[in-house]
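Asker: Before I ask anything, let me first share the structure, which is written out below as structure tokens.
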Amino acid sequence: MAHSKERYLFRKKLKELSEMKGQGTELISIYITPGYNVSEVTNKLREEAGQAMNIKSKQTRKNVSAAIERLLHALKNMKKPPENGLAIFSGNIDDKVELFSIEPPEPLNIQTYRCDSQFFLDPLWDMLEAKEAYGLIIVDRREATLALLKGKRIELIKSMGSQVPGKHRAGGQSSVRFERLIEIAAHEWFKKVGDLANKNFEPEEVKGVILGGPGPTKHGFLNADYLSNKTKKKIVATVDTSYTDEFGIRELMQKSGDVMHDLEIIKEKKLLEKFLSEAALGGLAAYGEKEVREALTMGKVDTLLLSEELMWKRVEFKCPQCGAIKEMTVKEHMPLVKCDKDHMNMAPHVEKDFVEELAELAEQMASKIEMISTDTPEGEQFKEGFGGIGALLRFK
Ligand SMILES: [Zn+2]
């Protein structure tokens, strides 16, 4: 739940940053990997400050220098970067030198300094795609490889070889015993693989598991009890691969990419189909800000549906004369709000992100929250036709 909200906020910040443009090549992006020495970054910045003196355009020179100053100042007291590293941005936006920093939801694996007319955001966008993880497992009698797929990134868990001897050995009476030993070794091997799979694939963020391998061994593995029921339920596809190592993982991924993408889309589609049919029948659905907000406060909401495209704010206005407070949703420009009592112009007092505010309300009422993309026609319809805000209700 919180996951969905955080993802939204992260996405929103990236969207805002991506819309910012510099007058010239003057917007600076710095990525600091976890554990990296911050003083090396500041040294690099000082070096860049020296280089900046050679910039021909006076305006760009001034802006780049000012941005570097802001960054140096921001990093001055930092001993080490946050757990997942830090992405920090500075530049002149609408005649003001701004600074933004993002603690990424996953560890940064790129250390960079860039100066461009836009902020460099690709590594962060990639993380956003890593909404959910998929377990990848390849197994045969000789070798097994396990990995997690997060977005486009593969995290190898382990590749291991078995001690199971080959089946072919010259016969005689001892072959029966030998066969038996092989089977015991194989059992131990599959058990080891299964335990590792359960440990890594049972957690909730793993949305599906894809099993691969050459030949029929994978089916035997699946039909036996090496995998827990919890893991078994997550298996969404079984794929033939030629390899059992990391190449096999890539093969598995290529052959099942569509399956995984479809799964996320299908889940969202199902949710929206339910919402749309309930809404059409006047059943257990609510939509529009007012109605949904009301249903939320009354504890009627089972699942709150919010379009990822919502970029609104919830603003508290305050009257300078009598101190009266008015809360409003601001969709684009800040409106002129007058006090009901004395008609004074009220001033924005507290600003909150709209989705964040609504999500907090939902959390208090133990309602689930689902962010809806606009990747499907249903998602688009949800945004255009229902304003991107809706709910499935527990009761009416
Ligand atoms: Zn007033």
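To be explicit about the labels: the chains of the structure tokens are called A, B, and onward in the order shown, and within each one the residues are counted from 1, while ligands get numbers from 1 in the order they are shown.
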What lies within 8 Å of range 308-320 of chain A using only C-alpha atoms, ignoring chain neighbours under 3 positions off, as an MDAnalysis selection string?

Answerer: chainID A and resid 8 12 323:332 337:339 344:355 357 371:374 383 388

Asker: Only N, CA and C atoms, please: the residues just picked out, written as a compact mmCIF listing (two decimals), in the first residue's frame.

Answerer:
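Generated file (part.txt):
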```txt
# COMPACT_ATOMS: atom_id res chain seq x y z
N TYR A 8 4.19 6.65 -6.48
CA TYR A 8 3.54 7.80 -7.10
C TYR A 8 4.34 9.09 -6.85
N LYS A 12 6.10 11.47 -9.53
CA LYS A 12 5.69 12.86 -9.65
C LYS A 12 6.93 13.78 -9.64
N GLY A 323 -7.87 34.65 10.69
CA GLY A 323 -7.22 33.36 10.92
C GLY A 323 -8.04 32.16 10.48
N ALA A 324 -9.17 32.41 9.82
CA ALA A 324 -9.99 31.29 9.35
C ALA A 324 -9.21 30.44 8.33
N ILE A 325 -9.54 29.16 8.30
CA ILE A 325 -8.82 28.22 7.43
C ILE A 325 -9.79 27.59 6.43
N LYS A 326 -9.34 27.48 5.19
CA LYS A 326 -10.14 26.81 4.17
C LYS A 326 -9.25 25.85 3.40
N GLU A 327 -9.72 24.63 3.23
CA GLU A 327 -8.92 23.63 2.52
C GLU A 327 -9.48 23.41 1.12
N MET A 328 -8.61 23.41 0.14
CA MET A 328 -9.09 23.23 -1.24
C MET A 328 -8.14 22.38 -2.06
N THR A 329 -8.68 21.77 -3.10
CA THR A 329 -7.84 21.04 -4.04
C THR A 329 -7.49 21.97 -5.19
N VAL A 330 -6.21 22.11 -5.44
CA VAL A 330 -5.75 23.01 -6.50
C VAL A 330 -5.24 22.16 -7.66
N LYS A 331 -5.89 22.33 -8.82
CA LYS A 331 -5.53 21.47 -9.95
C LYS A 331 -4.43 22.07 -10.80
N GLU A 332 -4.44 23.38 -10.96
CA GLU A 332 -3.38 23.96 -11.75
C GLU A 332 -2.86 25.23 -11.08
N VAL A 337 -8.69 33.00 -3.21
CA VAL A 337 -9.67 32.51 -2.24
C VAL A 337 -9.99 33.61 -1.25
N LYS A 338 -11.28 33.86 -1.08
CA LYS A 338 -11.70 34.93 -0.15
C LYS A 338 -12.28 34.32 1.12
N CYS A 339 -12.05 35.02 2.22
CA CYS A 339 -12.56 34.57 3.51
C CYS A 339 -14.08 34.74 3.54
N MET A 344 -11.58 38.92 3.04
CA MET A 344 -10.16 39.21 2.80
C MET A 344 -9.60 38.13 1.88
N ASN A 345 -8.53 38.46 1.15
CA ASN A 345 -7.86 37.44 0.35
C ASN A 345 -7.09 36.49 1.27
N MET A 346 -7.38 35.22 1.13
CA MET A 346 -6.68 34.25 1.97
C MET A 346 -5.37 33.84 1.30
N ALA A 347 -4.40 33.46 2.10
CA ALA A 347 -3.08 33.09 1.55
C ALA A 347 -2.84 31.58 1.73
N PRO A 348 -2.17 30.95 0.74
CA PRO A 348 -1.81 29.54 0.91
C PRO A 348 -0.95 29.36 2.16
N HIS A 349 -1.30 28.41 2.95
CA HIS A 349 -0.71 28.29 4.27
C HIS A 349 0.06 26.96 4.36
N VAL A 350 -0.63 25.88 4.04
CA VAL A 350 0.04 24.57 3.99
C VAL A 350 -0.28 23.91 2.65
N GLU A 351 0.76 23.40 1.98
CA GLU A 351 0.54 22.71 0.71
C GLU A 351 0.91 21.25 0.86
N LYS A 352 0.04 20.42 0.36
CA LYS A 352 0.32 18.99 0.40
C LYS A 352 0.04 18.39 -0.96
N ASP A 353 0.69 17.30 -1.24
CA ASP A 353 0.37 16.61 -2.47
C ASP A 353 -1.02 15.97 -2.33
N PHE A 354 -1.82 16.11 -3.36
CA PHE A 354 -3.19 15.62 -3.31
C PHE A 354 -3.28 14.12 -3.05
N VAL A 355 -2.53 13.37 -3.82
CA VAL A 355 -2.57 11.91 -3.68
C VAL A 355 -2.07 11.48 -2.31
N GLU A 357 -2.20 13.18 0.43
CA GLU A 357 -3.20 13.51 1.43
C GLU A 357 -4.33 12.48 1.43
N MET A 371 -2.63 2.66 -7.62
CA MET A 371 -2.36 3.70 -8.58
C MET A 371 -2.60 3.11 -9.97
N ILE A 372 -3.30 3.86 -10.81
CA ILE A 372 -3.68 3.35 -12.12
C ILE A 372 -2.88 4.07 -13.21
N SER A 373 -2.22 3.29 -14.04
CA SER A 373 -1.43 3.90 -15.12
C SER A 373 -2.35 4.30 -16.27
N THR A 374 -1.80 4.99 -17.24
CA THR A 374 -2.61 5.30 -18.43
C THR A 374 -2.09 4.46 -19.60
N LYS A 383 -8.99 8.10 -16.38
CA LYS A 383 -8.45 9.45 -16.18
C LYS A 383 -9.34 10.50 -16.84
N GLY A 388 -9.81 10.57 -12.95
CA GLY A 388 -8.66 9.87 -12.35
C GLY A 388 -8.83 9.58 -10.88
```

Asker: I need the residues in range 72-295 of chain A that are alpha helix (DSSP H) according to DSSP; give them as an MDAnalysis selection string.

Answerer: chainID A and resid 72:75 122:129 174:201 217:223 229:233 246:281 289:295

Asker: Those selected residues, please, written with C-alpha atoms and delivered as a compact mmCIF listing (two decimals), in the first residue's frame.

Answerer:
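And here is the file that came out, again12.txt:
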```txt
# COMPACT_ATOMS: atom_id res chain seq x y z
CA LEU A 72 28.82 22.22 -2.79
CA HIS A 73 26.84 23.85 -0.05
CA ALA A 74 24.31 21.00 0.04
CA LEU A 75 27.04 18.37 0.25
CA ASP A 122 17.22 7.89 -16.87
CA PRO A 123 18.54 5.74 -14.00
CA LEU A 124 15.68 6.93 -11.80
CA TRP A 125 13.05 6.33 -14.47
CA ASP A 126 14.42 2.80 -14.79
CA MET A 127 13.83 2.25 -11.09
CA LEU A 128 10.25 3.33 -11.46
CA GLU A 129 9.67 0.58 -13.96
CA SER A 174 25.92 -52.53 -8.04
CA SER A 175 24.05 -50.40 -10.57
CA VAL A 176 20.81 -50.67 -8.60
CA ARG A 177 22.54 -49.33 -5.57
CA PHE A 178 24.28 -46.75 -7.68
CA GLU A 179 20.96 -45.64 -9.16
CA ARG A 180 19.62 -45.25 -5.69
CA LEU A 181 22.54 -43.11 -4.62
CA ILE A 182 22.01 -40.93 -7.64
CA GLU A 183 18.38 -40.49 -6.74
CA ILE A 184 19.25 -39.55 -3.18
CA ALA A 185 21.79 -37.04 -4.43
CA ALA A 186 19.26 -35.64 -6.89
CA HIS A 187 16.65 -35.32 -4.17
CA GLU A 188 19.10 -33.42 -1.98
CA TRP A 189 20.00 -31.21 -4.90
CA PHE A 190 16.42 -30.33 -5.82
CA LYS A 191 15.62 -29.74 -2.18
CA LYS A 192 18.49 -27.27 -1.92
CA VAL A 193 17.31 -25.46 -5.04
CA GLY A 194 13.71 -25.47 -3.82
CA ASP A 195 14.64 -24.05 -0.42
CA LEU A 196 16.57 -21.22 -2.01
CA ALA A 197 13.67 -20.50 -4.37
CA ASN A 198 11.15 -20.44 -1.51
CA LYS A 199 13.32 -18.12 0.55
CA ASN A 200 13.65 -15.64 -2.30
CA PHE A 201 10.32 -15.94 -4.06
CA THR A 217 13.46 -32.05 -15.37
CA LYS A 218 11.77 -28.75 -14.54
CA HIS A 219 8.34 -30.41 -14.68
CA GLY A 220 9.42 -33.14 -12.31
CA PHE A 221 10.86 -30.49 -10.02
CA LEU A 222 7.59 -28.57 -10.11
CA ASN A 223 5.37 -31.60 -9.52
CA ASN A 229 2.63 -23.95 -2.12
CA LYS A 230 3.18 -20.24 -1.81
CA THR A 231 5.91 -20.33 -4.42
CA LYS A 232 4.05 -22.78 -6.64
CA LYS A 233 1.03 -20.50 -6.77
CA GLU A 246 23.13 -16.78 -16.54
CA PHE A 247 22.65 -17.14 -20.29
CA GLY A 248 19.68 -19.28 -19.44
CA ILE A 249 18.27 -16.49 -17.29
CA ARG A 250 18.50 -14.08 -20.21
CA GLU A 251 16.89 -16.66 -22.45
CA LEU A 252 14.12 -17.17 -19.92
CA MET A 253 13.54 -13.44 -19.70
CA GLN A 254 13.36 -12.97 -23.43
CA LYS A 255 10.91 -15.79 -23.79
CA SER A 256 8.63 -14.62 -21.01
CA GLY A 257 8.84 -10.81 -21.15
CA ASP A 258 5.34 -10.52 -22.57
CA VAL A 259 3.90 -12.77 -19.88
CA MET A 260 5.15 -10.48 -17.13
CA HIS A 261 4.13 -7.23 -18.72
CA ASP A 262 0.71 -8.65 -19.42
CA LEU A 263 0.30 -9.73 -15.80
CA GLU A 264 0.59 -6.20 -14.48
CA ILE A 265 -1.65 -4.86 -17.18
CA ILE A 266 -4.19 -7.63 -16.58
CA LYS A 267 -4.34 -6.90 -12.86
CA GLU A 268 -4.99 -3.23 -13.53
CA LYS A 269 -7.50 -4.01 -16.26
CA LYS A 270 -9.47 -6.34 -13.99
CA LEU A 271 -9.64 -3.74 -11.26
CA LEU A 272 -10.86 -1.10 -13.68
CA GLU A 273 -13.36 -3.39 -15.34
CA LYS A 274 -14.87 -4.06 -11.96
CA PHE A 275 -14.93 -0.36 -11.19
CA LEU A 276 -16.45 0.57 -14.54
CA SER A 277 -19.20 -2.02 -14.32
CA GLU A 278 -20.05 -1.09 -10.73
CA ALA A 279 -20.10 2.57 -11.72
CA ALA A 280 -22.32 1.89 -14.74
CA LEU A 281 -24.81 -0.05 -12.61
CA GLU A 289 -13.27 13.95 -5.68
CA LYS A 290 -16.18 15.00 -3.51
CA GLU A 291 -17.92 11.66 -3.51
CA VAL A 292 -14.76 9.64 -3.01
CA ARG A 293 -13.53 11.87 -0.21
CA GLU A 294 -16.87 11.50 1.53
CA ALA A 295 -16.87 7.73 1.12
```

Asker: Please build the interface table for range 4-78 of chain A against range 89-95 of chain A with a cut-off of 8 Å, listing for each qualifying residue the nearest atom pair and the distance in Å to one decimal; count only C-alpha atoms, order rows by chain and increasing number, and write it as a tab-separated table.

Answerer:
```
residue	atom	partner	partner_atom	distance
A:Met20	CA	A:Ile93	CA	6.9
A:Lys21	CA	A:Ile93	CA	7.1
A:Gly22	CA	A:Asn92	CA	6.5
A:Glu26	CA	A:Gly91	CA	6.3
A:Leu27	CA	A:Gly91	CA	4.5
A:Ile28	CA	A:Ser90	CA	5.3
A:Ser29	CA	A:Phe89	CA	4.6
A:Ile30	CA	A:Phe89	CA	6.3
A:Asn63	CA	A:Asn92	CA	6.0
A:Val64	CA	A:Gly91	CA	7.0
A:Ala66	CA	A:Gly91	CA	7.7
A:Ala67	CA	A:Gly91	CA	5.0
A:Ile68	CA	A:Ser90	CA	7.5
A:Arg70	CA	A:Ser90	CA	7.1
A:Leu71	CA	A:Ser90	CA	6.7
```

Asker: Can you work out which one of A:Glu98, A:Asp302, A:Asp342, A:Asp225 has the shortest atom-to-atom distance to ligand 1, counting only C-alpha atoms and all ligand atoms?

Answerer: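 Between A:Glu98, A:Asp302, A:Asp342, A:Asp225, the residue approaching ligand 1 most closely is A:Asp342.
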
Asker: Extract, using only C-alpha atoms, all DNA, RNA and protein residues at most 8 Å from Gly161 in chain A, discarding same-chain residues fewer than 4 positions from it, and format them as a ChimeraX atom specification.

Answerer: /A:142-144
